[in-house]
>>> print(open('target.cif').read())   # mmCIF, C-alpha atoms
data_upload
loop_
_atom_site.group_PDB
_atom_site.id
_atom_site.type_symbol
_atom_site.label_atom_id
_atom_site.label_comp_id
_atom_site.auth_asym_id
_atom_site.auth_seq_id
_atom_site.Cartn_x
_atom_site.Cartn_y
_atom_site.Cartn_z
ATOM 1 C CA MET A 1 0.322 17.577 -8.298
ATOM 2 C CA LYS A 2 2.917 18.775 -5.822
ATOM 3 C CA PRO A 3 2.506 20.485 -2.438
ATOM 4 C CA GLN A 4 2.847 24.218 -2.051
ATOM 5 C CA SER A 5 6.086 25.523 -0.558
ATOM 6 C CA PHE A 6 6.546 25.049 3.176
ATOM 7 C CA GLU A 7 9.167 25.386 5.904
ATOM 8 C CA TYR A 8 10.479 22.032 7.138
ATOM 9 C CA VAL A 9 11.505 21.805 10.811
ATOM 10 C CA ARG A 10 12.943 18.649 12.386
ATOM 11 C CA ALA A 11 12.120 18.780 16.100
ATOM 12 C CA GLY A 12 14.948 17.601 18.326
ATOM 13 C CA THR A 13 12.934 17.414 21.543
ATOM 14 C CA LEU A 14 9.300 17.204 22.562
ATOM 15 C CA ASP A 15 9.479 20.660 24.120
ATOM 16 C CA SER A 16 10.846 22.154 20.910
ATOM 17 C CA ALA A 17 8.083 20.496 18.873
ATOM 18 C CA LEU A 18 5.457 21.965 21.182
ATOM 19 C CA GLU A 19 7.101 25.405 20.989
ATOM 20 C CA ILE A 20 6.994 25.315 17.193
ATOM 21 C CA LEU A 21 3.328 24.289 17.208
ATOM 22 C CA ALA A 22 2.472 27.008 19.732
ATOM 23 C CA ASP A 23 4.143 29.672 17.577
ATOM 24 C CA ALA A 24 2.831 28.462 14.205
ATOM 25 C CA GLY A 25 -0.728 27.536 15.303
ATOM 26 C CA ASP A 26 -2.948 26.364 12.475
ATOM 27 C CA GLU A 27 -0.226 27.108 9.914
ATOM 28 C CA ALA A 28 1.657 23.964 11.028
ATOM 29 C CA LYS A 29 1.228 20.259 10.432
ATOM 30 C CA VAL A 30 3.003 17.403 12.195
ATOM 31 C CA ILE A 31 4.600 14.651 10.113
ATOM 32 C CA ALA A 32 5.702 11.222 11.317
ATOM 33 C CA GLY A 33 5.165 8.517 8.678
ATOM 34 C CA GLY A 34 3.441 10.854 6.240
ATOM 35 C CA GLN A 35 1.311 8.053 4.802
ATOM 36 C CA SER A 36 -1.862 10.146 5.080
ATOM 37 C CA LEU A 37 -0.509 13.697 5.180
ATOM 38 C CA VAL A 38 1.759 13.645 2.120
ATOM 39 C CA PRO A 39 -0.963 12.515 -0.338
ATOM 40 C CA VAL A 40 -3.358 15.267 0.789
ATOM 41 C CA MET A 41 -0.527 17.811 0.595
ATOM 42 C CA ASN A 42 0.210 16.680 -2.961
ATOM 43 C CA LEU A 43 -3.457 17.282 -3.797
ATOM 44 C CA ARG A 44 -3.246 20.624 -1.946
ATOM 45 C CA LEU A 45 -6.101 19.631 0.309
ATOM 46 C CA ALA A 46 -3.663 20.463 3.111
ATOM 47 C CA ARG A 47 -1.389 23.493 2.723
ATOM 48 C CA PRO A 48 0.767 23.850 5.828
ATOM 49 C CA ALA A 49 3.239 26.704 5.973
ATOM 50 C CA VAL A 50 5.345 24.744 8.477
ATOM 51 C CA LEU A 51 5.926 20.988 8.525
ATOM 52 C CA VAL A 52 7.123 19.705 11.905
ATOM 53 C CA ASP A 53 8.963 16.352 11.731
ATOM 54 C CA ILE A 54 8.708 14.515 15.081
ATOM 55 C CA ASN A 55 10.574 11.351 14.071
ATOM 56 C CA PRO A 56 13.600 12.145 16.291
ATOM 57 C CA LEU A 57 11.409 11.964 19.420
ATOM 58 C CA ALA A 58 12.330 8.450 20.534
ATOM 59 C CA GLU A 59 10.240 8.720 23.699
ATOM 60 C CA LEU A 60 7.124 8.677 21.496
ATOM 61 C CA ALA A 61 8.089 5.365 19.888
ATOM 62 C CA ARG A 62 7.885 3.268 23.049
ATOM 63 C CA VAL A 63 5.563 0.376 23.837
ATOM 64 C CA GLU A 64 5.148 0.408 27.626
ATOM 65 C CA GLN A 65 3.514 -2.111 29.931
ATOM 66 C CA ARG A 66 1.917 -0.349 32.878
ATOM 67 C CA ALA A 67 -0.114 -1.599 35.824
ATOM 68 C CA GLY A 68 -3.244 -2.963 34.168
ATOM 69 C CA ALA A 69 -2.638 -1.043 30.953
ATOM 70 C CA LEU A 70 -0.676 -0.871 27.711
ATOM 71 C CA ARG A 71 0.657 2.475 26.480
ATOM 72 C CA LEU A 72 1.513 2.924 22.811
ATOM 73 C CA GLY A 73 3.538 6.015 21.952
ATOM 74 C CA ALA A 74 2.359 8.102 19.028
ATOM 75 C CA LEU A 75 5.357 7.020 16.917
ATOM 76 C CA VAL A 76 4.794 3.285 17.349
ATOM 77 C CA ARG A 77 4.591 1.950 13.785
ATOM 78 C CA HIS A 78 1.882 -0.370 12.543
ATOM 79 C CA ARG A 79 4.566 -2.884 11.602
ATOM 80 C CA THR A 80 5.858 -3.013 15.176
ATOM 81 C CA LEU A 81 2.468 -4.173 16.412
ATOM 82 C CA GLU A 82 1.986 -6.526 13.462
ATOM 83 C CA ARG A 83 5.183 -8.349 14.430
ATOM 84 C CA GLY A 84 3.672 -9.296 17.775
ATOM 85 C CA GLU A 85 5.830 -7.247 20.138
ATOM 86 C CA VAL A 86 2.880 -6.975 22.536
ATOM 87 C CA GLY A 87 1.909 -10.215 24.261
ATOM 88 C CA GLY A 88 -1.387 -11.556 25.544
ATOM 89 C CA ALA A 89 -4.841 -11.462 24.026
ATOM 90 C CA LEU A 90 -4.624 -7.702 23.517
ATOM 91 C CA GLY A 91 -1.341 -8.072 21.675
ATOM 92 C CA GLY A 92 -2.878 -10.701 19.432
ATOM 93 C CA LEU A 93 -5.696 -8.332 18.524
ATOM 94 C CA LEU A 94 -3.283 -5.472 17.770
ATOM 95 C CA ALA A 95 -1.143 -7.717 15.555
ATOM 96 C CA GLU A 96 -4.158 -8.868 13.551
ATOM 97 C CA VAL A 97 -5.511 -5.351 13.111
ATOM 98 C CA ALA A 98 -2.132 -3.952 12.057
ATOM 99 C CA GLY A 99 -1.883 -6.573 9.324
ATOM 100 C CA HIS A 100 -5.017 -5.169 7.674
ATOM 101 C CA ILE A 101 -3.605 -1.652 7.280
ATOM 102 C CA GLY A 102 -2.538 -0.936 3.702
ATOM 103 C CA HIS A 103 0.558 -2.720 2.415
ATOM 104 C CA VAL A 104 3.905 -3.390 4.092
ATOM 105 C CA PRO A 105 5.556 -0.044 3.115
ATOM 106 C CA VAL A 106 2.606 1.809 4.648
ATOM 107 C CA ARG A 107 2.791 -0.282 7.822
ATOM 108 C CA VAL A 108 6.548 0.268 8.149
ATOM 109 C CA ARG A 109 6.224 4.064 8.111
ATOM 110 C CA GLY A 110 2.679 4.729 9.321
ATOM 111 C CA SER A 111 2.221 5.475 13.030
ATOM 112 C CA ILE A 112 -0.601 4.921 15.466
ATOM 113 C CA GLY A 113 -0.609 8.579 16.522
ATOM 114 C CA GLY A 114 -0.814 9.752 12.936
ATOM 115 C CA SER A 115 -3.747 7.440 12.276
ATOM 116 C CA LEU A 116 -5.640 8.775 15.282
ATOM 117 C CA ALA A 117 -4.913 12.420 14.458
ATOM 118 C CA HIS A 118 -5.925 11.964 10.799
ATOM 119 C CA ALA A 119 -9.240 10.385 11.889
ATOM 120 C CA ASP A 120 -10.081 8.715 8.609
ATOM 121 C CA PRO A 121 -13.572 7.157 8.903
ATOM 122 C CA GLY A 122 -12.050 3.860 7.738
ATOM 123 C CA ALA A 123 -9.066 3.898 10.110
ATOM 124 C CA GLU A 124 -8.661 0.622 11.967
ATOM 125 C CA TRP A 125 -6.975 2.152 15.034
ATOM 126 C CA CYS A 126 -9.811 4.609 15.608
ATOM 127 C CA LEU A 127 -12.258 1.701 15.536
ATOM 128 C CA VAL A 128 -10.242 -0.505 17.877
ATOM 129 C CA ALA A 129 -9.448 2.286 20.328
ATOM 130 C CA LEU A 130 -13.132 3.172 20.514
ATOM 131 C CA ALA A 131 -14.206 -0.408 21.149
ATOM 132 C CA LEU A 132 -11.587 -0.834 23.882
ATOM 133 C CA GLU A 133 -12.432 2.501 25.558
ATOM 134 C CA ALA A 134 -8.869 3.732 25.128
ATOM 135 C CA GLU A 135 -7.609 7.148 26.150
ATOM 136 C CA VAL A 136 -5.544 9.536 24.026
ATOM 137 C CA GLU A 137 -2.774 11.534 25.702
ATOM 138 C CA ILE A 138 -2.326 15.004 24.222
ATOM 139 C CA ALA A 139 0.155 17.817 24.906
ATOM 140 C CA ARG A 140 0.572 21.499 24.149
ATOM 141 C CA ARG A 141 3.130 23.908 25.520
ATOM 142 C CA GLY A 142 2.866 23.790 29.317
ATOM 143 C CA GLU A 143 -0.163 21.470 29.411
ATOM 144 C CA ARG A 144 -1.127 17.832 29.029
ATOM 145 C CA ARG A 145 -4.578 16.271 28.921
ATOM 146 C CA ARG A 146 -6.267 12.935 28.323
ATOM 147 C CA LEU A 147 -9.428 12.259 26.356
ATOM 148 C CA THR A 148 -11.434 9.146 25.730
ATOM 149 C CA VAL A 149 -11.342 8.184 22.070
ATOM 150 C CA ASP A 150 -15.075 8.842 21.880
ATOM 151 C CA ALA A 151 -14.462 12.453 22.965
ATOM 152 C CA PHE A 152 -11.366 12.758 20.768
ATOM 153 C CA LEU A 153 -13.106 11.781 17.505
ATOM 154 C CA ASP A 154 -15.475 14.458 16.174
ATOM 155 C CA GLY A 155 -16.261 13.319 12.635
ATOM 156 C CA PRO A 156 -14.609 12.500 9.315
ATOM 157 C CA PHE A 157 -11.021 13.782 9.467
ATOM 158 C CA THR A 158 -11.807 15.986 12.477
ATOM 159 C CA THR A 159 -10.817 15.571 16.109
ATOM 160 C CA ALA A 160 -10.717 17.525 19.367
ATOM 161 C CA LEU A 161 -7.005 18.147 18.776
ATOM 162 C CA ALA A 162 -6.213 21.881 18.761
ATOM 163 C CA PRO A 163 -3.760 23.258 16.166
ATOM 164 C CA ASP A 164 -1.022 23.665 18.784
ATOM 165 C CA GLU A 165 -1.481 20.186 20.282
ATOM 166 C CA LEU A 166 0.317 16.924 19.628
ATOM 167 C CA VAL A 167 -0.832 13.337 20.218
ATOM 168 C CA LEU A 168 1.645 11.711 22.616
ATOM 169 C CA GLY A 169 0.177 8.238 22.820
ATOM 170 C CA LEU A 170 -2.702 5.878 23.388
ATOM 171 C CA GLU A 171 -3.451 3.903 26.554
ATOM 172 C CA LEU A 172 -5.509 0.710 26.499
ATOM 173 C CA ALA A 173 -6.651 -1.114 29.606
ATOM 174 C CA ARG A 174 -5.762 -4.771 29.985
ATOM 175 C CA ARG A 175 -8.922 -6.515 31.190
ATOM 176 C CA PRO A 176 -8.303 -10.023 32.582
ATOM 177 C CA GLY A 177 -10.940 -12.478 31.393
ATOM 178 C CA TRP A 178 -11.824 -10.477 28.263
ATOM 179 C CA SER A 179 -11.303 -11.637 24.685
ATOM 180 C CA TYR A 180 -11.222 -9.690 21.433
ATOM 181 C CA GLY A 181 -12.320 -10.074 17.845
ATOM 182 C CA PHE A 182 -11.842 -8.006 14.691
ATOM 183 C CA ALA A 183 -13.178 -8.251 11.150
ATOM 184 C CA GLU A 184 -13.269 -5.987 8.134
ATOM 185 C CA HIS A 185 -14.303 -6.070 4.505
ATOM 186 C CA ALA A 186 -12.327 -4.416 1.714
ATOM 187 C CA ARG A 187 -12.707 -4.779 -2.036
ATOM 188 C CA THR A 188 -9.060 -5.849 -2.396
ATOM 189 C CA HIS A 189 -6.211 -6.596 -0.014
ATOM 190 C CA GLY A 190 -4.635 -3.362 1.191
ATOM 191 C CA ALA A 191 -7.553 -1.176 0.100
ATOM 192 C CA PHE A 192 -9.521 0.969 2.521
ATOM 193 C CA ALA A 193 -12.114 -1.108 4.335
ATOM 194 C CA GLN A 194 -15.747 -0.635 3.370
ATOM 195 C CA SER A 195 -16.779 -1.808 6.820
ATOM 196 C CA GLY A 196 -15.167 -3.148 9.953
ATOM 197 C CA ALA A 197 -15.988 -4.184 13.496
ATOM 198 C CA CYS A 198 -14.129 -4.701 16.749
ATOM 199 C CA VAL A 199 -15.693 -6.646 19.612
ATOM 200 C CA ALA A 200 -14.542 -7.174 23.199
ATOM 201 C CA LEU A 201 -16.331 -9.772 25.327
ATOM 202 C CA GLN A 202 -16.275 -11.098 28.858
ATOM 203 C CA VAL A 203 -17.745 -14.595 29.000
ATOM 204 C CA ARG A 204 -18.553 -16.376 32.259
ATOM 205 C CA ASP A 205 -19.910 -19.914 32.425
ATOM 206 C CA GLU A 206 -20.560 -19.882 28.670
ATOM 207 C CA VAL A 207 -22.707 -16.727 28.954
ATOM 208 C CA VAL A 208 -21.721 -13.233 27.782
ATOM 209 C CA ALA A 209 -21.362 -11.072 30.896
ATOM 210 C CA ALA A 210 -20.157 -7.847 29.240
ATOM 211 C CA ALA A 211 -19.575 -6.587 25.713
ATOM 212 C CA ARG A 212 -18.079 -3.709 23.757
ATOM 213 C CA VAL A 213 -18.983 -3.452 20.067
ATOM 214 C CA ALA A 214 -17.823 -0.796 17.604
ATOM 215 C CA VAL A 215 -18.336 -0.568 13.858
ATOM 216 C CA MET A 216 -17.025 1.601 11.027
ATOM 217 C CA GLY A 217 -18.349 2.148 7.529
ATOM 218 C CA VAL A 218 -21.849 3.350 8.388
ATOM 219 C CA GLY A 219 -21.129 7.013 9.090
ATOM 220 C CA GLY A 220 -18.512 9.723 9.347
ATOM 221 C CA ARG A 221 -16.599 7.984 12.162
ATOM 222 C CA ALA A 222 -16.472 4.700 14.021
ATOM 223 C CA GLU A 223 -19.363 4.249 16.452
ATOM 224 C CA ARG A 224 -20.028 2.193 19.573
ATOM 225 C CA LEU A 225 -23.252 0.208 19.230
ATOM 226 C CA GLY A 226 -24.883 0.185 22.667
ATOM 227 C CA PRO A 227 -28.040 -1.649 21.548
ATOM 228 C CA VAL A 228 -25.909 -4.422 20.042
ATOM 229 C CA GLU A 229 -23.951 -4.735 23.278
ATOM 230 C CA ALA A 230 -27.218 -4.984 25.212
ATOM 231 C CA ALA A 231 -28.520 -7.646 22.818
ATOM 232 C CA VAL A 232 -25.435 -9.800 23.395
ATOM 233 C CA VAL A 233 -25.110 -9.556 27.185
ATOM 234 C CA GLY A 234 -26.871 -12.464 28.887
ATOM 235 C CA ARG A 235 -26.838 -14.606 25.755
ATOM 236 C CA PRO A 236 -25.177 -18.013 25.598
ATOM 237 C CA ALA A 237 -21.787 -17.590 23.993
ATOM 238 C CA ASN A 238 -22.674 -19.913 21.117
ATOM 239 C CA GLY A 239 -25.541 -17.633 20.097
ATOM 240 C CA ALA A 240 -23.802 -14.301 20.603
ATOM 241 C CA ALA A 241 -22.606 -13.799 17.016
ATOM 242 C CA ALA A 242 -26.070 -14.254 15.522
ATOM 243 C CA ALA A 243 -27.632 -11.996 18.165
ATOM 244 C CA ALA A 244 -25.055 -9.279 17.529
ATOM 245 C CA ALA A 245 -25.572 -9.393 13.768
ATOM 246 C CA GLY A 246 -29.349 -9.241 14.092
ATOM 247 C CA ALA A 247 -29.229 -6.283 16.461
ATOM 248 C CA CYS A 248 -26.700 -4.493 14.262
ATOM 249 C CA ARG A 249 -28.941 -4.808 11.220
ATOM 250 C CA GLU A 250 -31.757 -3.198 13.199
ATOM 251 C CA VAL A 251 -29.874 -0.239 14.692
ATOM 252 C CA VAL A 252 -27.284 1.015 12.176
ATOM 253 C CA ASP A 253 -28.409 3.857 9.929
ATOM 254 C CA PRO A 254 -25.874 4.324 7.123
ATOM 255 C CA ALA A 255 -25.708 7.851 5.753
ATOM 256 C CA GLY A 256 -23.578 9.876 3.380
ATOM 257 C CA TYR A 257 -22.646 7.129 0.934
ATOM 258 C CA ASP A 258 -24.064 7.930 -2.486
ATOM 259 C CA GLU A 259 -22.318 5.135 -4.376
ATOM 260 C CA VAL A 260 -23.853 2.217 -2.443
ATOM 261 C CA SER A 261 -27.253 1.550 -0.942
ATOM 262 C CA PRO A 262 -27.941 1.832 2.799
ATOM 263 C CA ASP A 263 -29.303 -1.718 2.750
ATOM 264 C CA TYR A 264 -26.000 -3.035 1.429
ATOM 265 C CA LEU A 265 -24.011 -1.156 4.080
ATOM 266 C CA ARG A 266 -26.399 -2.354 6.782
ATOM 267 C CA ALA A 267 -25.939 -5.958 5.690
ATOM 268 C CA LEU A 268 -22.177 -5.480 5.450
ATOM 269 C CA ALA A 269 -21.987 -4.027 8.955
ATOM 270 C CA ALA A 270 -24.020 -6.943 10.316
ATOM 271 C CA ALA A 271 -21.690 -9.392 8.582
ATOM 272 C CA VAL A 272 -18.481 -7.932 10.032
ATOM 273 C CA VAL A 273 -20.081 -7.663 13.488
ATOM 274 C CA ARG A 274 -21.016 -11.353 13.276
ATOM 275 C CA ARG A 275 -17.469 -12.302 12.260
ATOM 276 C CA ALA A 276 -15.825 -10.150 14.930
ATOM 277 C CA THR A 277 -18.122 -11.504 17.638
ATOM 278 C CA ALA A 278 -17.456 -15.095 16.597
ATOM 279 C CA ALA A 279 -13.717 -14.356 16.625
ATOM 280 C CA ALA A 280 -13.944 -12.913 20.141
ATOM 281 C CA ILE A 281 -15.820 -16.010 21.353
ATOM 282 C CA ALA A 282 -13.118 -18.271 19.933
ATOM 283 C CA ALA A 283 -10.140 -16.159 21.027
ATOM 284 C CA PRO A 284 -8.046 -16.691 24.168
ATOM 285 C CA THR A 285 -8.828 -14.423 27.097
ATOM 286 C CA GLU A 286 -6.561 -11.781 28.556
ATOM 287 C CA GLU A 287 -4.583 -13.003 31.554
ATOM 288 C CA ARG A 288 -3.562 -11.015 34.608
ATOM 289 C CA GLN A 289 -0.301 -9.154 34.114
#
>>> encode(input="target.cif", output="structure tokens")
Amino acid sequence: MKPQSFEYVRAGTLDSALEILADAGDEAKVIAGGQSLVPVMNLRLARPAVLVDINPLAELARVEQRAGALRLGALVRHRTLERGEVGGALGGLLAEVAGHIGHVPVRVRGSIGGSLAHADPGAEWCLVALALEAEVEIARRGERRRLTVDAFLDGPFTTALAPDELVLGLELARRPGWSYGFAEHARTHGAFAQSGACVALQVRDEVVAAARVAVMGVGGRAERLGPVEAAVVGRPANGAAAAAAGACREVVDPAGYDEVSPDYLRALAAAVVRRATAAAIAAPTEERQ
């Protein structure tokens, strides 16, 4: 199939992009890489009257080191992060995650802002941003705001983003002494993941002092698993992966997947949580910037 007719507008400045979105409202869609939007337009699941191309907005393609934080502009491509342009433990995590997204052509064009705005339940960046308690920066004409990723994500393919708003970027805190792990399971390389987990740990004297655990593939969006975090904190590091997997198996409640059994998804989630936790234990820790 082919998309319905639309007006194509190439925004020259951020202000002009926001003006177009304010005037067009829910008749407009923003395009950057188009790796998610174009297929759904071809299927006519999305039928924008106006397509706003933001690729000329170079200020949205920056990777910026800030005091205690890393800011990724909305137009930062997956491939940029995969190539290791961000240093430290956090950069290592981002490079690994980026390498799991689709195939190289998708990673070259796809953007982090587009992934967040699309909010696919199997999107790696939504999972990672949730686990790391990142904040999304959003703009509309005359106004900017910031939301935690937890508040930004509503459900499958739905977010708190209003029709006249644009994702500007994502900010992740750099936490000295923390380490990160990621794992996912897909039927084939480059396919959408059936399940995935991202884990952040602070280990002191071989004991887990703090933990952040998020999982995808058991519901309509990625979820933080508070009971799993509680089960890990206070454990010896060498037993943390098993404890996390056991707690995950007890607390996740897969729903909405008719083609596979909840027991299978529960076991799969526990497996990726175990792998991600073990990876975080073995990974180098973030250093002070």
>>> closest_residue(input="target.cif", among="A:Val104, A:Leu116, A:Ala24, A:Ala230", to="A:Ala49", atoms="all atoms listed in the file")
A:Ala24
>>> residues_around(input="target.cif", residues="stretch 81-87 of chain A", least_positions_apart="6", cutoff="8 Å", atoms="only C-alpha atoms", output="list in words")
Val63, Leu94, Ala95, Glu96, Val97, Ala98 and Gly99 of chain A
>>> axis_aligned_box(input="target.cif", around="stretch 134-148 of chain A", padding_each_side="5 Å", output="JSON")
{"center_x": -4.2, "center_y": 13.8, "center_z": 26.7, "size_x": 24.6, "size_y": 30.2, "size_z": 15.4}
>>> resolve_selection(input="target.cif", expression="the PyMOL selection byres ((chain A and resi 234) around 7)", output="ChimeraX atom specification")
/A:207-209,232-233,235-236
>>> residues_around(input="target.cif", residues="A:Asn55", least_positions_apart="3", cutoff="8 Å", atoms="only C-alpha atoms", output="list in words")
Arg10, Ala11, Ile31, Ala32, Ala58 and Leu75 of chain A
>>> closest_residue(input="target.cif", among="A:Tyr180, A:Glu259, A:Ala247, A:Ala123", to="A:Ala278", atoms="only C-alpha atoms")
A:Tyr180
>>> residues_around(input="target.cif", residues="stretch 151-155 of chain A", least_positions_apart="5", cutoff="8 Å", atoms="all atoms listed in the file", output="PyMOL selection string")
chain A and resi 119+121+136+160-161+220-221
>>> write_last_selection(input="target.cif", atoms="C-alpha atoms", output="compact mmCIF listing (two decimals), keeping the file's coordinate frame")
# COMPACT_ATOMS: atom_id res chain seq x y z
CA ALA A 119 -9.24 10.38 11.89
CA PRO A 121 -13.57 7.16 8.90
CA VAL A 136 -5.54 9.54 24.03
CA ALA A 160 -10.72 17.52 19.37
CA LEU A 161 -7.00 18.15 18.78
CA GLY A 220 -18.51 9.72 9.35
CA ARG A 221 -16.60 7.98 12.16
>>> residues_around(input="target.cif", residues="A:Val38", least_positions_apart="2", cutoff="12 Å", atoms="all atoms listed in the file", output="number ranges by chain")
A: 1-4, 29-36, 40-48, 51, 110, 114, 118
>>> atom_distance(input="target.cif", atom1="atom CA of A:Arg77", atom2="atom CA of A:Val215")
23.1 Å
>>> resolve_selection(input="target.cif", expression="the PyMOL selection byres ((chain A and resi 185) around 7)", output="list in words")
Glu184, Ala186, Arg187, Ala193, Gln194, Ser195 and Gly196 of chain A
>>> closest_residue(input="target.cif", among="A:Ala191, A:Val213, A:Leu60, A:Ala17", to="A:Ala129", atoms="all atoms listed in the file")
A:Val213
>>> atom_distance(input="target.cif", atom1="atom CA of A:Glu223", atom2="atom CA of A:Ala211")
14.3 Å
>>> residues_near_point(input="target.cif", point="(-16.4, -3.5, 10.2)", cutoff="9 Å", atoms="all atoms listed in the file", output="list in words")
Gly122, Glu124, Leu127, Phe182, Ala183, Glu184, His185, Ala193, Gln194, Ser195, Gly196, Ala197, Cys198, Ala214, Val215, Met216, Gly217, Val218, Leu268, Ala269, Ala270, Ala271, Val272, Val273 and Ala276 of chain A
>>> decode(input="target.cif", residues="stretch 51-82 of chain A", atoms="C-alpha atoms", output="CSV table (one decimal), in the first residue's frame")
chain,number,residue,atom,x,y,z
A,51,LEU,CA,4.5,15.9,7.3
A,52,VAL,CA,7.1,18.0,9.1
A,53,ASP,CA,10.7,17.1,8.4
A,54,ILE,CA,13.0,18.2,11.2
A,55,ASN,CA,16.3,16.8,9.8
A,56,PRO,CA,17.7,20.3,9.1
A,57,LEU,CA,17.6,21.1,12.9
A,58,ALA,CA,21.3,20.5,13.7
A,59,GLU,CA,20.9,21.6,17.3
A,60,LEU,CA,18.8,18.5,17.9
A,61,ALA,CA,21.5,16.2,16.7
A,62,ARG,CA,24.0,17.0,19.4
A,63,VAL,CA,25.5,14.8,22.1
A,64,GLU,CA,26.3,17.1,25.1
A,65,GLN,CA,28.2,16.4,28.3
A,66,ARG,CA,26.7,18.4,31.1
A,67,ALA,CA,27.5,18.6,34.8
A,68,GLY,CA,26.7,15.1,36.0
A,69,ALA,CA,24.5,14.3,33.0
A,70,LEU,CA,24.5,13.3,29.4
A,71,ARG,CA,22.0,15.0,27.0
A,72,LEU,CA,21.1,13.3,23.7
A,73,GLY,CA,19.3,15.5,21.2
A,74,ALA,CA,16.2,14.0,19.5
A,75,LEU,CA,18.0,13.6,16.2
A,76,VAL,CA,20.9,11.6,17.6
A,77,ARG,CA,21.0,8.5,15.4
A,78,HIS,CA,21.2,5.0,16.9
A,79,ARG,CA,24.4,4.4,14.8
A,80,THR,CA,26.1,7.4,16.4
A,81,LEU,CA,25.7,5.8,19.9
A,82,GLU,CA,26.6,2.4,18.5
